[in-house]
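File shown: entry04.pdb. Contents: PDB, C-alpha atoms and all ligand atoms.
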```
ATOM      1  CA  MET A  18      21.735  79.986 -53.413
ATOM      2  CA  VAL A  19      18.699  77.819 -54.240
ATOM      3  CA  ASP A  20      15.834  78.271 -51.790
ATOM      4  CA  GLN A  21      14.807  74.707 -50.878
ATOM      5  CA  LYS A  22      11.236  75.873 -50.279
ATOM      6  CA  LYS A  23      10.893  77.092 -53.846
ATOM      7  CA  ILE A  24      11.561  73.612 -55.219
ATOM      8  CA  SER A  25       9.251  71.894 -52.720
ATOM      9  CA  ASN A  26       6.000  70.524 -54.184
ATOM     10  CA  ILE A  27       4.445  69.748 -50.877
ATOM     11  CA  HIS A  28       0.801  70.706 -50.402
ATOM     12  CA  ILE A  29      -0.016  71.225 -46.738
ATOM     13  CA  SER A  30      -3.466  71.058 -45.161
ATOM     14  CA  VAL A  31      -4.058  71.833 -41.488
ATOM     15  CA  ASN A  32      -7.110  70.568 -39.608
ATOM     16  CA  PRO A  33      -8.184  69.693 -36.060
ATOM     17  CA  LEU A  34      -6.761  66.392 -34.828
ATOM     18  CA  VAL A  35      -8.875  63.278 -35.212
ATOM     19  CA  LYS A  36      -8.059  60.228 -33.100
ATOM     20  CA  GLY A  37      -6.947  58.290 -36.189
ATOM     21  CA  ASP A  38      -4.025  60.743 -36.590
ATOM     22  CA  ILE A  39      -2.434  59.707 -33.293
ATOM     23  CA  PRO A  40      -0.608  56.539 -34.481
ATOM     24  CA  GLN A  41       1.138  58.631 -37.157
ATOM     25  CA  LEU A  42       1.958  61.412 -34.693
ATOM     26  CA  GLU A  43       3.680  59.146 -32.189
ATOM     27  CA  PRO A  44       6.829  58.535 -34.325
ATOM     28  CA  ILE A  45       7.063  62.288 -34.994
ATOM     29  CA  LEU A  46       6.963  62.976 -31.249
ATOM     30  CA  ARG A  47       9.680  60.342 -30.750
ATOM     31  CA  GLN A  48      11.968  62.115 -33.248
ATOM     32  CA  HIS A  49      12.011  65.237 -31.093
ATOM     33  CA  ILE A  50      11.140  64.503 -27.462
ATOM     34  CA  LYS A  51      14.495  63.456 -26.131
ATOM     35  CA  ASP A  52      16.350  63.901 -22.865
ATOM     36  CA  ARG A  53      18.638  66.896 -23.309
ATOM     37  CA  TYR A  54      21.597  65.068 -21.758
ATOM     38  CA  THR A  55      21.232  61.412 -22.840
ATOM     39  CA  GLU A  56      19.327  61.929 -26.125
ATOM     40  CA  ASP A  57      17.069  59.010 -25.124
ATOM     41  CA  VAL A  58      13.387  59.376 -26.028
ATOM     42  CA  ASP A  59      11.548  60.885 -23.056
ATOM     43  CA  GLU A  60       8.936  58.138 -22.903
ATOM     44  CA  GLU A  61       6.972  59.759 -20.093
ATOM     45  CA  GLU A  62       6.610  63.033 -21.989
ATOM     46  CA  VAL A  63       5.595  61.195 -25.181
ATOM     47  CA  ARG A  64       2.957  59.225 -23.241
ATOM     48  CA  SER A  65       1.676  62.379 -21.588
ATOM     49  CA  ILE A  66       1.250  64.220 -24.913
ATOM     50  CA  ILE A  67      -0.540  61.228 -26.419
ATOM     51  CA  GLU A  68      -2.893  61.276 -23.445
ATOM     52  CA  TYR A  69      -3.587  64.950 -24.083
ATOM     53  CA  MET A  70      -4.191  64.079 -27.708
ATOM     54  CA  ARG A  71      -6.659  61.433 -26.693
ATOM     55  CA  GLY A  72      -8.456  64.054 -24.691
ATOM     56  CA  ASN A  73      -8.032  61.986 -21.562
ATOM     57  CA  ALA A  74      -5.861  64.395 -19.667
ATOM     58  CA  GLU A  75      -8.154  67.361 -19.148
ATOM     59  CA  GLU A  76      -8.497  66.707 -15.451
ATOM     60  CA  SER A  77      -4.803  67.263 -14.719
ATOM     61  CA  ARG A  78      -4.994  70.611 -16.494
ATOM     62  CA  GLY A  79      -8.118  71.825 -14.737
ATOM     63  CA  GLY A  80     -10.402  70.769 -17.563
ATOM     64  CA  ASN A  81      -8.622  72.879 -20.167
ATOM     65  CA  ALA A  82      -8.182  70.534 -23.094
ATOM     66  CA  ARG A  83      -5.397  71.158 -25.553
ATOM     67  CA  ARG A  84      -6.801  71.732 -28.989
ATOM     68  CA  TYR A  85      -4.492  70.084 -31.504
ATOM     69  CA  LEU A  86      -4.080  70.985 -35.152
ATOM     70  CA  VAL A  87      -2.525  68.438 -37.501
ATOM     71  CA  ALA A  88      -0.707  69.069 -40.794
ATOM     72  CA  LYS A  89      -0.994  66.537 -43.612
ATOM     73  CA  ASN A  90       0.546  66.387 -47.062
ATOM     74  CA  GLN A  91      -1.392  65.844 -50.288
ATOM     75  CA  GLU A  92      -1.375  62.072 -49.706
ATOM     76  CA  GLY A  93      -2.981  62.456 -46.293
ATOM     77  CA  ARG A  94       0.218  61.596 -44.456
ATOM     78  CA  VAL A  95       0.516  63.261 -41.046
ATOM     79  CA  ILE A  96       3.567  65.557 -41.074
ATOM     80  CA  GLY A  97       3.242  67.723 -37.971
ATOM     81  CA  CYS A  98       1.148  69.101 -35.137
ATOM     82  CA  VAL A  99       0.706  72.007 -32.745
ATOM     83  CA  SER A 100      -1.681  72.720 -29.913
ATOM     84  CA  CYS A 101      -3.498  75.851 -28.807
ATOM     85  CA  SER A 102      -4.371  75.853 -25.113
ATOM     86  CA  GLU A 103      -5.386  77.928 -22.142
ATOM     87  CA  PRO A 104      -2.091  79.220 -20.713
ATOM     88  CA  GLU A 105      -0.614  77.793 -17.560
ATOM     89  CA  GLN A 106      -0.607  80.102 -14.526
ATOM     90  CA  ASP A 107       3.157  80.734 -14.589
ATOM     91  CA  MET A 108       2.889  81.792 -18.244
ATOM     92  CA  LEU A 109       0.071  84.253 -17.454
ATOM     93  CA  GLU A 110       2.167  85.723 -14.657
ATOM     94  CA  HIS A 111       5.308  85.934 -16.774
ATOM     95  CA  PHE A 112       3.538  87.824 -19.574
ATOM     96  CA  GLY A 113       1.151  89.812 -17.362
ATOM     97  CA  VAL A 114      -1.866  88.744 -19.443
ATOM     98  CA  SER A 115      -5.229  87.223 -18.489
ATOM     99  CA  ILE A 116      -6.596  83.808 -19.348
ATOM    100  CA  ASP A 117      -9.358  85.481 -21.390
ATOM    101  CA  GLU A 118      -7.006  87.377 -23.674
ATOM    102  CA  ALA A 119      -4.208  84.860 -24.297
ATOM    103  CA  ALA A 120      -3.762  81.380 -25.766
ATOM    104  CA  GLU A 121      -0.615  79.301 -25.296
ATOM    105  CA  GLY A 122       1.058  77.473 -28.156
ATOM    106  CA  LEU A 123       2.393  74.042 -27.252
ATOM    107  CA  ASN A 124       3.669  70.823 -28.804
ATOM    108  CA  LEU A 125       4.842  72.100 -32.186
ATOM    109  CA  PHE A 126       6.491  69.179 -33.982
ATOM    110  CA  VAL A 127       7.255  68.634 -37.670
ATOM    111  CA  ASP A 128       8.378  65.325 -39.163
ATOM    112  CA  ASN A 129      12.124  65.657 -39.899
ATOM    113  CA  THR A 130      11.543  64.317 -43.411
ATOM    114  CA  PHE A 131       9.514  67.445 -44.168
ATOM    115  CA  SER A 132      11.550  70.068 -42.317
ATOM    116  CA  ASN A 133      12.163  73.481 -43.854
ATOM    117  CA  GLN A 134       9.199  73.104 -46.229
ATOM    118  CA  ASN A 135       6.865  75.547 -44.488
ATOM    119  CA  VAL A 136       4.987  72.966 -42.392
ATOM    120  CA  GLY A 137       5.904  74.657 -39.092
ATOM    121  CA  THR A 138       4.952  78.058 -40.499
ATOM    122  CA  GLU A 139       1.554  76.768 -41.676
ATOM    123  CA  LEU A 140       0.882  75.132 -38.317
ATOM    124  CA  VAL A 141       1.719  78.275 -36.344
ATOM    125  CA  GLU A 142      -0.312  80.517 -38.672
ATOM    126  CA  ASN A 143      -3.297  78.189 -38.288
ATOM    127  CA  MET A 144      -2.810  78.269 -34.514
ATOM    128  CA  PHE A 145      -2.850  82.100 -34.617
ATOM    129  CA  ASN A 146      -6.086  81.962 -36.633
ATOM    130  CA  ALA A 147      -7.649  79.494 -34.182
ATOM    131  CA  ALA A 148      -6.784  81.796 -31.263
ATOM    132  CA  ARG A 149      -8.165  84.794 -33.180
ATOM    133  CA  THR A 150     -11.416  82.907 -33.789
ATOM    134  CA  GLU A 151     -11.646  82.265 -30.059
ATOM    135  CA  GLY A 152     -11.416  86.041 -29.516
ATOM    136  CA  LYS A 153      -7.901  86.020 -28.065
ATOM    137  CA  LYS A 154      -5.575  89.039 -28.298
ATOM    138  CA  TYR A 155      -2.258  87.240 -27.799
ATOM    139  CA  VAL A 156      -0.532  83.941 -28.390
ATOM    140  CA  ILE A 157       2.301  83.194 -25.976
ATOM    141  CA  VAL A 158       4.853  80.431 -26.058
ATOM    142  CA  ASN A 159       7.928  79.212 -24.229
ATOM    143  CA  SER A 160      10.754  76.982 -25.363
ATOM    144  CA  GLY A 161      13.316  75.220 -23.216
ATOM    145  CA  PRO A 162      16.920  74.291 -24.029
ATOM    146  CA  ARG A 163      15.847  70.984 -25.595
ATOM    147  CA  TYR A 164      14.406  72.944 -28.515
ATOM    148  CA  MET A 165      16.974  75.738 -28.710
ATOM    149  CA  LYS A 166      17.511  75.074 -32.432
ATOM    150  CA  ALA A 167      13.947  76.270 -33.009
ATOM    151  CA  TRP A 168      14.381  79.605 -31.232
ATOM    152  CA  SER A 169      15.152  81.444 -34.481
ATOM    153  CA  PHE A 170      11.981  79.907 -35.945
ATOM    154  CA  HIS A 171       9.992  81.488 -33.072
ATOM    155  CA  ASP A 172      11.803  84.794 -33.697
ATOM    156  CA  LYS A 173      10.453  84.624 -37.231
ATOM    157  CA  MET A 174       6.865  83.748 -36.291
ATOM    158  CA  PHE A 175       6.302  85.847 -33.131
ATOM    159  CA  ASP A 176       6.593  89.614 -32.562
ATOM    160  CA  GLU A 177       9.252  89.588 -29.875
ATOM    161  CA  ARG A 178      11.042  87.716 -27.124
ATOM    162  CA  ARG A 179       9.920  88.377 -23.560
ATOM    163  CA  GLY A 180      12.881  86.998 -21.640
ATOM    164  CA  PHE A 181      13.596  83.794 -19.764
ATOM    165  CA  MET A 182      11.440  81.826 -17.360
ATOM    166  CA  VAL A 183      14.277  80.720 -15.135
ATOM    167  CA  GLY A 184      14.138  77.056 -14.117
ATOM    168  CA  LYS A 185      10.889  76.381 -16.041
ATOM    169  CA  TYR A 186      12.211  72.918 -16.947
ATOM    170  CA  GLY A 187      14.246  72.285 -13.812
ATOM    171  CA  SER A 188      17.848  73.053 -13.040
ATOM    172  CA  GLY A 189      19.570  74.352 -16.182
ATOM    173  CA  GLY A 190      16.184  74.342 -17.915
ATOM    174  CA  ASP A 191      15.535  78.031 -18.464
ATOM    175  CA  ALA A 192      12.878  78.673 -21.127
ATOM    176  CA  MET A 193      12.864  81.588 -23.590
ATOM    177  CA  THR A 194       9.456  83.186 -24.220
ATOM    178  CA  TRP A 195       7.734  84.903 -27.178
ATOM    179  CA  ILE A 196       4.504  86.831 -27.705
ATOM    180  CA  LYS A 197       2.389  87.505 -30.804
ATOM    181  CA  THR A 198      -0.294  90.178 -30.811
ATOM    182  CA  LEU A 199      -3.105  88.965 -33.044
TER
HETATM  183  C1  LIG A 201      11.026  74.181 -35.435
HETATM  184  C2  LIG A 201      10.166  73.419 -36.426
HETATM  185  C3  LIG A 201       8.726  73.336 -35.933
HETATM  186  C4  LIG A 201      10.237  74.194 -37.759
HETATM  187  O1  LIG A 201       9.375  73.549 -38.678
HETATM  188  P1  LIG A 201       9.664  73.612 -40.252
HETATM  189  O2  LIG A 201       8.477  73.073 -40.937
HETATM  190  O3  LIG A 201      10.964  72.998 -40.534
HETATM  191  O4  LIG A 201       9.793  75.206 -40.453
HETATM  192  P2  LIG A 201       9.402  76.080 -41.725
HETATM  193  O5  LIG A 201       9.869  75.417 -42.958
HETATM  194  O6  LIG A 201       7.985  76.496 -41.653
HETATM  195  O7  LIG A 201      10.257  77.404 -41.417
HETATM  196  C5  LIG A 201      11.592  77.301 -41.295
HETATM  197  C6  LIG A 201      12.127  78.695 -41.056
HETATM  198  O8  LIG A 201      12.563  78.830 -39.725
HETATM  199  C7  LIG A 201      13.983  78.879 -39.691
HETATM  200  N1  LIG A 201      14.399  77.905 -38.698
HETATM  201  C8  LIG A 201      14.957  78.218 -37.550
HETATM  202  N2  LIG A 201      15.210  77.135 -36.844
HETATM  203  C9  LIG A 201      14.822  76.093 -37.540
HETATM  204  C10 LIG A 201      14.848  74.714 -37.314
HETATM  205  N3  LIG A 201      15.351  74.157 -36.226
HETATM  206  N4  LIG A 201      14.341  73.915 -38.261
HETATM  207  C11 LIG A 201      13.849  74.440 -39.380
HETATM  208  N5  LIG A 201      13.816  75.743 -39.642
HETATM  209  C12 LIG A 201      14.298  76.575 -38.734
HETATM  210  C13 LIG A 201      14.476  78.551 -41.078
HETATM  211  O9  LIG A 201      15.626  79.302 -41.351
HETATM  212  C14 LIG A 201      13.311  78.960 -41.935
HETATM  213  O10 LIG A 201      13.358  80.344 -42.191
HETATM  214  P3  LIG A 201      12.923  80.958 -43.627
HETATM  215  O11 LIG A 201      11.487  80.620 -43.848
HETATM  216  O12 LIG A 201      13.155  82.402 -43.499
HETATM  217  O13 LIG A 201      13.806  80.260 -44.629
HETATM  218  C15 LIG A 201      10.715  71.983 -36.677
HETATM  219  O14 LIG A 201      12.064  72.071 -37.057
HETATM  220  C16 LIG A 201      10.617  71.065 -35.471
HETATM  221  O15 LIG A 201       9.652  70.307 -35.340
HETATM  222  N6  LIG A 201      11.632  71.107 -34.594
HETATM  223  C17 LIG A 201      11.722  70.213 -33.445
HETATM  224  C18 LIG A 201      10.678  70.449 -32.405
HETATM  225  C19 LIG A 201      10.700  71.849 -31.871
HETATM  226  O16 LIG A 201      11.753  72.431 -31.667
HETATM  227  N7  LIG A 201       9.506  72.381 -31.631
HETATM  228  C20 LIG A 201       9.340  73.680 -31.016
HETATM  229  C21 LIG A 201       9.264  73.449 -29.545
HETATM  230  S1  LIG A 201       9.072  74.965 -28.657
END
```

For this file, write the structure as structure tokens.
Amino acid sequence: MVDQKKISNIHISVNPLVKGDIPQLEPILRQHIKDRYTEDVDEEEVRSIIEYMRGNAEESRGGNARRYLVAKNQEGRVIGCVSCSEPEQDMLEHFGVSIDEAAEGLNLFVDNTFSNQNVGTELVENMFNAARTEGKKYVIVNSGPRYMKAWSFHDKMFDERRGFMVGKYGSGGDAMTWIKTL
């Protein structure tokens, strides 16, 4: 079988988000952030992530800004993003780790046009490096049923699963969790 990645010519660069990336990120968010029952775009969630991207939402997260990384192709087109953040309290409790030793991965999205061409892998590896640079020991992540198709991707990138956070995303919204030791 031909490995699609081997015939891909895409050159991926990953850098911290600049505000000018946001208009190109919005349609990528809208490809993926959909109600798990109706498939409608979850407008509130999209707006909230854009606010985080604009750096305007620190207050609601206790001043802990999300630090976004953005992937671009060789033409400078935005093709994906991820964020590296201070973990939420329920995540710290679930994993039994401290805020000093762990970073949380959030908001990993790759443009469908570029899927399965290593963009997600590059983003997550850059996120691991960013956390390492900050002196963290672990990266932790959770993923709800909306993104269940990506669970095998997390299996590939992280060391192991650490069980469900039951009801993390409401009724029927149990989230699987993963940890990576840096
Ligand atoms: C999951 C996602 C980030 C993967 O990005 P990508 O650039 O397509 O992934 P890569 O090409 O780096 O790696 C793909 C690898 O993961 C595996 N994989 C598992 N689930 C996958 C999925 N849904 N899409 C693509 N690859 C997937 C592939 O088999 C492939 O393995 P291989 O390298 O051994 O061949 C992307 O599909 C996406 O944005 N999904 C929607 C949003 C989402 O689920 N985000 C995570 C929220 S927790």

Considering only C-alpha atoms, state which residue in the set A:Gly137, A:Pro33, A:Gly97, A:Gly113 is at the smallest distance from Ala167 of chain A.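 Closest to Ala167 of chain A of all the choices is A:Gly137.
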
With only C-alpha atoms and all ligand atoms counted, collect every polymer residue having an atom within 8 Å of ligand LIG 201 (chain A); state the result as a ChimeraX atom specification. /A:20,22,49-50,97,123-129,131-140,158-161,163-171,173

Rank A:Glu56, A:Ala148, A:Val31, A:Arg179 by their smallest atom-to-atom distance to His111 of chain A, using all atoms listed in the file, and report the top residue only.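 The shortest atom-to-atom distance to His111 of chain A comes from A:Arg179.
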
Report as a ChimeraX atom specification all protein, DNA and RNA residues lying within 8 Å of segment 59-69 of chain A, evaluated on all atoms listed in the file, omitting residues in the same chain fewer than 5 positions from it. /A:39,43,46-47,50-52,74-75,82-83

Mind giving me the straight-line distance from atom CA of Cys101 of chain A to atom CA of Thr198 of chain A in Å, one decimal?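 Computing the Euclidean distance for atom CA of Cys101 of chain A and atom CA of Thr198 of chain A yields 14.8 Å.
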
Might you pull out every residue within 8 Å of Phe181 of chain A, with only C-alpha atoms counted and same-chain residues fewer than 3 positions away left off, and present them as number ranges by chain? A: 191-194

Name the closest residue to Gly152 of chain A among the candidates A:Glu177, A:Asp38, A:Asp172, A:Glu118; distances are taken between atoms, counting only C-alpha atoms.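 Smallest separation from Gly152 of chain A among the options: A:Glu118.
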
Using the chain letters and numbers from the file, give me the residues hit by the PyMOL selection byres (((chain A and resi 196) around 6) and not hetatm), as a VMD selection string. chain A and resid 156 to 157 175 to 177 195 197
